[in-house]
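Undergrad: Can you keep this structure in mind? I'll have questions shortly.
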Amino acid sequence: MAAIDTLLVHGVVDGDEHTGSVNVPIYQTSTYRLRGLDTHGPYVYSRVSNPTRSALEALITEMEGGTAGYAFSSGMAAVTAALLLFKAGDKLLVSDNVYGGTVRVLDAVLVRFGLRYERIDTSDLALVRRSITPDVAGIYVETPGNPLLSITDLEGIAHICREHGLLSIVDNTFMTPYLQRPLEMGIDVVLHSATKYLGGHSDLLAGLLVVRSQELAAQMNLIKTNTGGVLDPFDSWLVLRGIKTLALRMDRHQQNAAALAGWLRGHDAVARIYYPGFADFPGHEVQKRQASGFGAVISFVLKEGYDLNAFYANLKLFALATSLGGVESLIAQPSTMTHAALTQKEREDLGIVDRLVRLSVGIEDCDMLRQDLEDAFRASRQAHESAVERRNSPC
Ligand SMILES: *Cc1c(COP(=O)(O)O)cnc(C)c1O
């Protein structure tokens with residue numbers, strides 16, 4: 001047990017002082033009655049602030065150890081708000097395996113406004129240093145990366161950014177502040193798709209963002225209030241509710257993931273596996289230093305000789321669905337789902353081959369998850385063998 005376990009349950013705003021309700025109420029209102037033309041309380045209009053959303057924002061700020069927090073209507077709204085801290089002519093260095101949507105909003109929208117970017121392997125700090133030109137204004141990192149879980153040294157990135165006067169941004173979705181707190185390592189802005197582990201039940205979309213300084217808070221206040229992609233009161237309440245069990249869920253997610261990763265690694269159907277918890281995984285030592293766990297996402301390459309479609313089709317517990325971080329186990333094909341925005345060549349250069357499979361390990365019974373995969377491997381082997389037989393038969 002740690003202090004964060006208690007913070008997650010009680011939050012920063014604990015219940016409601018007016019009624020004694022143990023939960024923060026859902027303030028389903030757009031506006032607030034002012035006491036007079038020049039006297040008003042803390043709330044004026046819900047795009048600016050709303051008490052349910054404020055309770056969530058105070059909590060994520062405390063969880064990340066920052067100065068101010070913001071709740072957005074999706075992870076992508078939070079990503080976009082962070083990118084709006086830059087201006088035309090600025091160039092960003094972006095981790096080469098960031099979330100597909102982050103690349104898409106840059107290409108489809110922000111590049112038109114003169115923001116430029118280059119994707120590089122941020123796990124290589126020497127390469128990061130070499131890539132800094134006078135127009136570089138910031139570094140945007142996701143660690144562990146998606147879907148190959150490459151690890152970037154956050155203290156190293158923060159250090160480089162301070163040396164060069166660059167803004168550092170980290171997408172902390174895969175870890176949550178329960179496992180990793182980038183601001184404490186010197187990063188300027190941390191953000192989440194709260195759709196994933198923070199919400200935790202695959203029943204909402206939300207984004208959270210926390211800044212390190214008052215100066216960034218002033219800028220982010222303007223961006224949030226005036227672009228308006230804020231989280232509504234009901235979903236703010238659902239995220240608060242989800243966060244209460246974050247510690248329990250993450251512990252169980254990670255326990256299941258570690259067991260499955262160990263088993264998959266020795267399995268005949270698996271050609272290659274990516275999981276930061278393996279002692280020989282590149283970045284394992286960095287991960288141990290900067291986070292208190294390895295997360296619950298595992299990627300692996302299904303071996304030739306196993307039919308890919310039959311593998312996905314024969315899973316019963318793992319649902320074929322984009323997203324991750326919910327209590328239920330999900331499985332995805334990164335090349336056609338999360339990373340479809342990249343070209344075939346870009347994907348192959350990164351190692352996102354078509355036979356790469358990404359698991360978001362849920363909190364179900366671990367033996368049943370293992371059995372589900374085993375059954376699908378067997379069906380996939382059989383499907384391949386029957387296809388070979390059909391091809392070889394004369395009629
Ligand atoms: C899902 C995801 C996003 C986008 O979040 P949405 O809530 O879907 O808008 C951003 N970053 C990462 C790492 C994600 O997994």
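Following the order of the structure tokens, chains are lettered A, B, ..., residues in each are numbered from 1, and ligands are numbered from 1.
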Give me the chain A side of the contact with ligand 1, cut-off 9 Å, one line per residue showing its nearest atom pair and distance in Å at one decimal, counting only C-alpha atoms and all ligand atoms, sorted by chain and residue number, as a tab-separated table.

TA:
```
residue	atom	partner	partner_atom_place_in_ligand_line	distance
A:Ser73	CA	ligand 1	7 (O)	7.8
A:Ser74	CA	ligand 1	7 (O)	4.2
A:Gly75	CA	ligand 1	5 (O)	3.3
A:Met76	CA	ligand 1	9 (O)	3.8
A:Ala77	CA	ligand 1	9 (O)	6.5
A:Ala78	CA	ligand 1	9 (O)	7.8
A:Val79	CA	ligand 1	10 (C)	6.9
A:Val98	CA	ligand 1	13 (C)	6.8
A:Tyr99	CA	ligand 1	12 (C)	5.0
A:Gly100	CA	ligand 1	10 (C)	8.0
A:Gly101	CA	ligand 1	4 (C)	6.4
A:Thr102	CA	ligand 1	10 (C)	6.8
A:Glu142	CA	ligand 1	13 (C)	6.9
A:Thr143	CA	ligand 1	13 (C)	8.7
A:Pro144	CA	ligand 1	13 (C)	8.9
A:Gly145	CA	ligand 1	13 (C)	7.8
A:Asn146	CA	ligand 1	13 (C)	6.8
A:Asp171	CA	ligand 1	13 (C)	6.1
A:Asn172	CA	ligand 1	13 (C)	7.0
A:Thr173	CA	ligand 1	13 (C)	5.0
A:Phe174	CA	ligand 1	13 (C)	6.2
A:Leu191	CA	ligand 1	11 (N)	8.3
A:His192	CA	ligand 1	11 (N)	6.4
A:Ser193	CA	ligand 1	5 (O)	4.2
A:Ala194	CA	ligand 1	7 (O)	6.2
A:Thr195	CA	ligand 1	7 (O)	4.8
A:Lys196	CA	ligand 1	1 (C)	6.7
A:Leu204	CA	ligand 1	7 (O)	8.4
A:Leu205	CA	ligand 1	7 (O)	5.0
A:Ala206	CA	ligand 1	7 (O)	5.3
A:Gly207	CA	ligand 1	7 (O)	5.8
A:Thr322	CA	ligand 1	1 (C)	8.6
A:Ser323	CA	ligand 1	1 (C)	5.9
A:Leu324	CA	ligand 1	15 (O)	6.9
A:Gly325	CA	ligand 1	15 (O)	8.5
A:Thr338	CA	ligand 1	1 (C)	8.7
```

Undergrad: Pick out each residue of region 102-315 of chain A that DSSP on the backbone tags as strand (DSSP E); I need them as a PyMOL selection string.

TA: chain A and resi 116-120+136-142+167-171+189-193+207-211+270-274+297-302

Undergrad: Identify which of the residues A:Gln344, A:Thr52, A:Thr176, A:Gln214 lies closest to Phe234 (chain A), counting only C-alpha atoms when measuring atom-to-atom distances.

TA: A:Thr52

Undergrad: Near region 262-275 of chain A, counting only C-alpha atoms, which residues have an atom at most 10 Å away, once you skip same-chain residues fewer than 3 positions from it, shown as an NGL selection string?

TA: :A and (144 or 147-150 or 257-259 or 278-282 or 284 or 294-306 or 355-358 or 370 or 373-374 or 377-378 or 380-381)

Undergrad: Could you save the residues just selected, with C-alpha atoms, as a JSON list (two decimals), in the first residue's frame?

TA:
```
[["chain", "number", "residue", "atom", "x", "y", "z"],
["A", 144, "PRO", "CA", 6.40, 2.46, -23.66],
["A", 147, "PRO", "CA", 2.75, -1.17, -30.29],
["A", 148, "LEU", "CA", 6.37, -2.33, -29.90],
["A", 149, "LEU", "CA", 6.77, -0.99, -26.35],
["A", 150, "SER", "CA", 10.14, 0.64, -26.95],
["A", 257, "ALA", "CA", 0.34, -9.77, -18.39],
["A", 258, "ALA", "CA", 3.57, -10.99, -16.79],
["A", 259, "ALA", "CA", 2.21, -14.56, -16.59],
["A", 278, "PHE", "CA", 11.73, -9.39, -19.87],
["A", 279, "ALA", "CA", 15.22, -8.86, -18.42],
["A", 280, "ASP", "CA", 16.70, -8.98, -21.94],
["A", 281, "PHE", "CA", 14.19, -6.51, -23.45],
["A", 282, "PRO", "CA", 16.03, -3.37, -24.69],
["A", 284, "HIS", "CA", 14.20, -3.01, -19.43],
["A", 294, "PHE", "CA", 5.86, -3.00, -16.97],
["A", 295, "GLY", "CA", 2.23, -2.38, -17.89],
["A", 296, "ALA", "CA", -0.16, -4.88, -19.41],
["A", 297, "VAL", "CA", 0.28, -4.56, -23.17],
["A", 298, "ILE", "CA", 2.11, -7.37, -24.96],
["A", 299, "SER", "CA", 2.83, -7.59, -28.67],
["A", 300, "PHE", "CA", 3.97, -10.67, -30.53],
["A", 301, "VAL", "CA", 4.49, -11.95, -34.07],
["A", 302, "LEU", "CA", 2.48, -15.03, -34.98],
["A", 303, "LYS", "CA", 4.76, -17.60, -36.60],
["A", 304, "GLU", "CA", 4.40, -18.60, -40.26],
["A", 305, "GLY", "CA", 2.52, -21.87, -40.37],
["A", 306, "TYR", "CA", -0.31, -20.43, -38.26],
["A", 355, "ARG", "CA", 1.54, -10.80, -38.36],
["A", 356, "LEU", "CA", 2.12, -8.54, -35.32],
["A", 357, "VAL", "CA", -0.60, -9.01, -32.71],
["A", 358, "ARG", "CA", -1.19, -6.62, -29.76],
["A", 370, "ARG", "CA", -4.09, -18.62, -21.56],
["A", 373, "LEU", "CA", -5.01, -18.16, -26.72],
["A", 374, "GLU", "CA", -4.01, -21.83, -26.78],
["A", 377, "PHE", "CA", -3.31, -21.11, -31.75],
["A", 378, "ARG", "CA", -4.41, -24.71, -32.27],
["A", 380, "SER", "CA", -4.93, -21.41, -36.48],
["A", 381, "ARG", "CA", -2.38, -24.22, -36.96]]
```

Undergrad: Excluding region 120-126 of chain A and residues on its chain fewer than 2 positions from it, collect all residues at most 8 Å away from it, counting only C-alpha atoms, and give them as a VMD selection string.

TA: chain A and resid 93 to 97 118 128 to 130 141 150 to 153 156 to 157 283

Undergrad: Deliver the residues from the most recent selection as a file, using N, CA and C atoms, as a compact mmCIF listing (two decimals), in the first residue's frame.

TA:
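Written out: result.txt:
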```txt
# COMPACT_ATOMS: atom_id res chain seq x y z
N LEU A 93 10.18 16.95 -32.55
CA LEU A 93 10.70 15.59 -32.70
C LEU A 93 9.69 14.69 -31.99
N VAL A 94 9.23 13.66 -32.70
CA VAL A 94 8.16 12.80 -32.19
C VAL A 94 8.65 11.35 -32.17
N SER A 95 8.36 10.65 -31.10
CA SER A 95 8.74 9.22 -31.03
C SER A 95 8.21 8.48 -32.24
N ASP A 96 9.01 7.57 -32.79
CA ASP A 96 8.58 6.92 -34.04
C ASP A 96 7.44 5.94 -33.84
N ASN A 97 7.25 5.40 -32.62
CA ASN A 97 6.01 4.62 -32.52
C ASN A 97 4.98 5.19 -31.56
N GLU A 118 9.30 15.56 -37.14
CA GLU A 118 10.10 14.45 -37.66
C GLU A 118 9.97 13.31 -36.66
N VAL A 128 18.51 11.61 -30.65
CA VAL A 128 17.68 12.77 -30.30
C VAL A 128 18.54 14.03 -30.32
N ARG A 129 19.71 13.96 -29.68
CA ARG A 129 20.62 15.13 -29.65
C ARG A 129 21.03 15.55 -31.06
N ARG A 130 21.37 14.56 -31.88
CA ARG A 130 21.81 14.87 -33.26
C ARG A 130 20.69 15.49 -34.08
N VAL A 141 6.96 12.48 -26.70
CA VAL A 141 7.38 11.09 -26.47
C VAL A 141 6.22 10.24 -25.97
N SER A 150 8.77 0.16 -27.12
CA SER A 150 10.14 0.64 -26.95
C SER A 150 10.16 1.68 -25.82
N ILE A 151 11.25 1.69 -25.07
CA ILE A 151 11.32 2.52 -23.87
C ILE A 151 12.21 3.74 -24.11
N THR A 152 11.68 4.91 -23.79
CA THR A 152 12.46 6.15 -23.88
C THR A 152 12.81 6.61 -22.47
N ASP A 153 14.06 7.01 -22.28
CA ASP A 153 14.55 7.48 -20.99
C ASP A 153 14.02 8.91 -20.75
N GLY A 156 16.45 11.53 -19.36
CA GLY A 156 17.35 11.92 -20.45
C GLY A 156 16.70 12.95 -21.37
N ILE A 157 15.43 12.70 -21.73
CA ILE A 157 14.70 13.64 -22.61
C ILE A 157 14.52 14.98 -21.91
N GLY A 283 15.84 -1.61 -23.02
CA GLY A 283 15.10 -0.60 -22.26
C GLY A 283 14.54 -1.13 -20.95
```

Undergrad: Extract the full set of helix (DSSP H, G or I) residues from region 18-181 of chain A according to DSSP on the backbone, and format it as a VMD selection string.

TA: chain A and resid 51 to 64 75 to 83 100 to 108 110 to 113 125 to 130 154 to 164 176 to 179

Undergrad: Which of these, A:Asn309, A:Asp135, A:Arg104, A:Arg119, has the shortest distance to His339 (chain A) once you count only C-alpha atoms?

TA: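 Nearest candidate to His339 (chain A) out of A:Asn309, A:Asp135, A:Arg104, A:Arg119: A:Arg104.
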
Undergrad: I'd like the neighbourhood of Arg212 (chain A) as a list in words, where a residue qualifies if any of its atoms comes within 9 Å (using only C-alpha atoms), though same-chain residues fewer than 2 positions away should be ignored.

TA: Gly65, Gly66, Thr67, Ala68, Leu183, Glu184, Gly186, Ile187, Asp188, Val189, Val190, Val210, Gln214, Glu215, Leu216 and Ala217 of chain A

Undergrad: Convert the current residue selection to file output with all heavy atoms, as a CSV table (one decimal), in the first residue's frame.

TA:
```
chain,number,residue,atom,x,y,z
A,65,GLY,N,1.6,15.0,-9.9
A,65,GLY,CA,2.5,15.9,-9.2
A,65,GLY,C,2.7,17.2,-10.0
A,65,GLY,O,3.9,17.6,-10.1
A,66,GLY,N,1.7,17.8,-10.7
A,66,GLY,CA,1.8,18.9,-11.5
A,66,GLY,C,1.2,20.2,-10.9
A,66,GLY,O,0.9,20.2,-9.7
A,67,THR,N,1.1,21.2,-11.7
A,67,THR,CA,0.6,22.5,-11.3
A,67,THR,C,-0.9,22.7,-11.6
A,67,THR,O,-1.6,23.2,-10.8
A,67,THR,CB,1.4,23.7,-12.0
A,67,THR,OG1,2.8,23.6,-11.5
A,67,THR,CG2,0.8,25.0,-11.6
A,68,ALA,N,-1.3,22.2,-12.8
A,68,ALA,CA,-2.7,22.3,-13.2
A,68,ALA,C,-3.1,21.2,-14.1
A,68,ALA,O,-2.2,20.8,-14.9
A,68,ALA,CB,-3.0,23.7,-13.8
A,183,LEU,N,6.3,14.2,-14.9
A,183,LEU,CA,6.6,15.5,-14.4
A,183,LEU,C,7.7,15.5,-13.4
A,183,LEU,O,8.5,16.4,-13.3
A,183,LEU,CB,5.3,16.2,-13.9
A,183,LEU,CG,4.2,16.4,-14.9
A,183,LEU,CD1,3.1,17.2,-14.2
A,183,LEU,CD2,4.6,17.1,-16.2
A,184,GLU,N,7.6,14.5,-12.5
A,184,GLU,CA,8.6,14.3,-11.5
A,184,GLU,C,10.0,14.1,-12.0
A,184,GLU,O,11.0,14.2,-11.3
A,184,GLU,CB,8.2,13.2,-10.5
A,184,GLU,CG,7.0,13.6,-9.7
A,184,GLU,CD,6.5,12.5,-8.7
A,184,GLU,OE1,7.1,11.4,-8.7
A,184,GLU,OE2,5.5,12.8,-8.0
A,186,GLY,N,11.1,15.8,-14.7
A,186,GLY,CA,11.5,17.0,-15.3
A,186,GLY,C,10.7,17.3,-16.6
A,186,GLY,O,11.1,18.2,-17.3
A,187,ILE,N,9.7,16.4,-17.0
A,187,ILE,CA,9.0,16.7,-18.2
A,187,ILE,C,8.0,17.8,-18.0
A,187,ILE,O,7.5,18.0,-16.9
A,187,ILE,CB,8.2,15.4,-18.6
A,187,ILE,CG1,9.2,14.2,-18.9
A,187,ILE,CG2,7.2,15.6,-19.7
A,187,ILE,CD1,10.1,14.5,-20.2
A,188,ASP,N,7.6,18.6,-19.1
A,188,ASP,CA,6.8,19.8,-18.9
A,188,ASP,C,5.3,19.5,-19.0
A,188,ASP,O,4.5,20.1,-18.3
A,188,ASP,CB,7.1,20.8,-20.0
A,188,ASP,CG,8.6,21.3,-20.0
A,188,ASP,OD1,9.0,21.7,-18.9
A,188,ASP,OD2,9.3,21.2,-21.0
A,189,VAL,N,4.9,18.6,-19.9
A,189,VAL,CA,3.5,18.3,-20.1
A,189,VAL,C,3.3,16.8,-20.2
A,189,VAL,O,4.0,16.1,-20.9
A,189,VAL,CB,3.0,18.9,-21.4
A,189,VAL,CG1,1.5,18.6,-21.6
A,189,VAL,CG2,3.2,20.5,-21.4
A,190,VAL,N,2.3,16.3,-19.4
A,190,VAL,CA,2.0,14.9,-19.5
A,190,VAL,C,0.5,14.8,-19.9
A,190,VAL,O,-0.3,15.6,-19.4
A,190,VAL,CB,2.3,14.1,-18.1
A,190,VAL,CG1,1.5,14.7,-17.0
A,190,VAL,CG2,2.1,12.6,-18.3
A,210,VAL,N,-1.8,17.4,-17.8
A,210,VAL,CA,-1.3,18.1,-16.6
A,210,VAL,C,0.0,18.8,-17.0
A,210,VAL,O,0.9,18.3,-17.7
A,210,VAL,CB,-1.0,17.1,-15.4
A,210,VAL,CG1,-0.5,17.9,-14.2
A,210,VAL,CG2,-2.2,16.3,-15.1
A,214,GLN,N,3.3,27.3,-13.9
A,214,GLN,CA,2.2,28.3,-13.9
A,214,GLN,C,2.1,28.9,-15.3
A,214,GLN,O,1.0,29.2,-15.8
A,214,GLN,CB,2.5,29.4,-12.9
A,214,GLN,CG,2.1,29.1,-11.5
A,214,GLN,CD,0.6,28.8,-11.3
A,214,GLN,OE1,-0.2,29.1,-12.2
A,214,GLN,NE2,0.3,28.2,-10.2
A,215,GLU,N,3.3,29.1,-15.9
A,215,GLU,CA,3.3,29.7,-17.3
A,215,GLU,C,2.6,28.8,-18.3
A,215,GLU,O,1.8,29.3,-19.1
A,215,GLU,CB,4.8,29.9,-17.7
A,215,GLU,CG,5.0,30.7,-18.9
A,215,GLU,CD,6.4,30.6,-19.4
A,215,GLU,OE1,7.3,30.3,-18.6
A,215,GLU,OE2,6.6,30.8,-20.6
A,216,LEU,N,2.8,27.5,-18.2
A,216,LEU,CA,2.2,26.6,-19.1
A,216,LEU,C,0.7,26.5,-18.8
A,216,LEU,O,-0.2,26.4,-19.7
A,216,LEU,CB,2.8,25.2,-19.1
A,216,LEU,CG,4.1,25.0,-19.8
A,216,LEU,CD1,4.8,23.7,-19.4
A,216,LEU,CD2,3.9,25.1,-21.3
A,217,ALA,N,0.4,26.6,-17.5
A,217,ALA,CA,-1.0,26.6,-17.1
A,217,ALA,C,-1.8,27.7,-17.7
A,217,ALA,O,-2.9,27.6,-18.1
A,217,ALA,CB,-1.1,26.6,-15.5
```

Undergrad: Nearest residue to Gln254 (chain A) out of A:Glu364, A:Glu163, A:Asp16, A:Asp5, using only C-alpha atoms?

TA: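 For Gln254 (chain A), the nearest of the given residues is A:Glu364.
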
Undergrad: Set the distance at 12 Å and use only C-alpha atoms: which residues neighbour Gly41 (chain A) once local chain neighbours fewer than 4 positions away are removed? I'd like the list as a JSON list (two decimals) with C-alpha atoms, in the first residue's frame.

TA:
```
[["chain", "number", "residue", "atom", "x", "y", "z"],
["A", 31, "THR", "CA", -24.21, 27.89, -16.53],
["A", 32, "TYR", "CA", -24.31, 29.35, -13.00],
["A", 33, "ARG", "CA", -26.40, 32.10, -11.40],
["A", 34, "LEU", "CA", -24.22, 35.11, -10.66],
["A", 35, "ARG", "CA", -24.83, 37.05, -7.43],
["A", 36, "GLY", "CA", -24.46, 40.38, -9.14],
["A", 37, "LEU", "CA", -22.78, 42.03, -12.07],
["A", 45, "TYR", "CA", -19.96, 28.76, -17.47],
["A", 49, "SER", "CA", -15.11, 25.19, -15.43],
["A", 50, "ASN", "CA", -17.58, 22.73, -13.90],
["A", 51, "PRO", "CA", -17.36, 21.32, -10.34]]
```
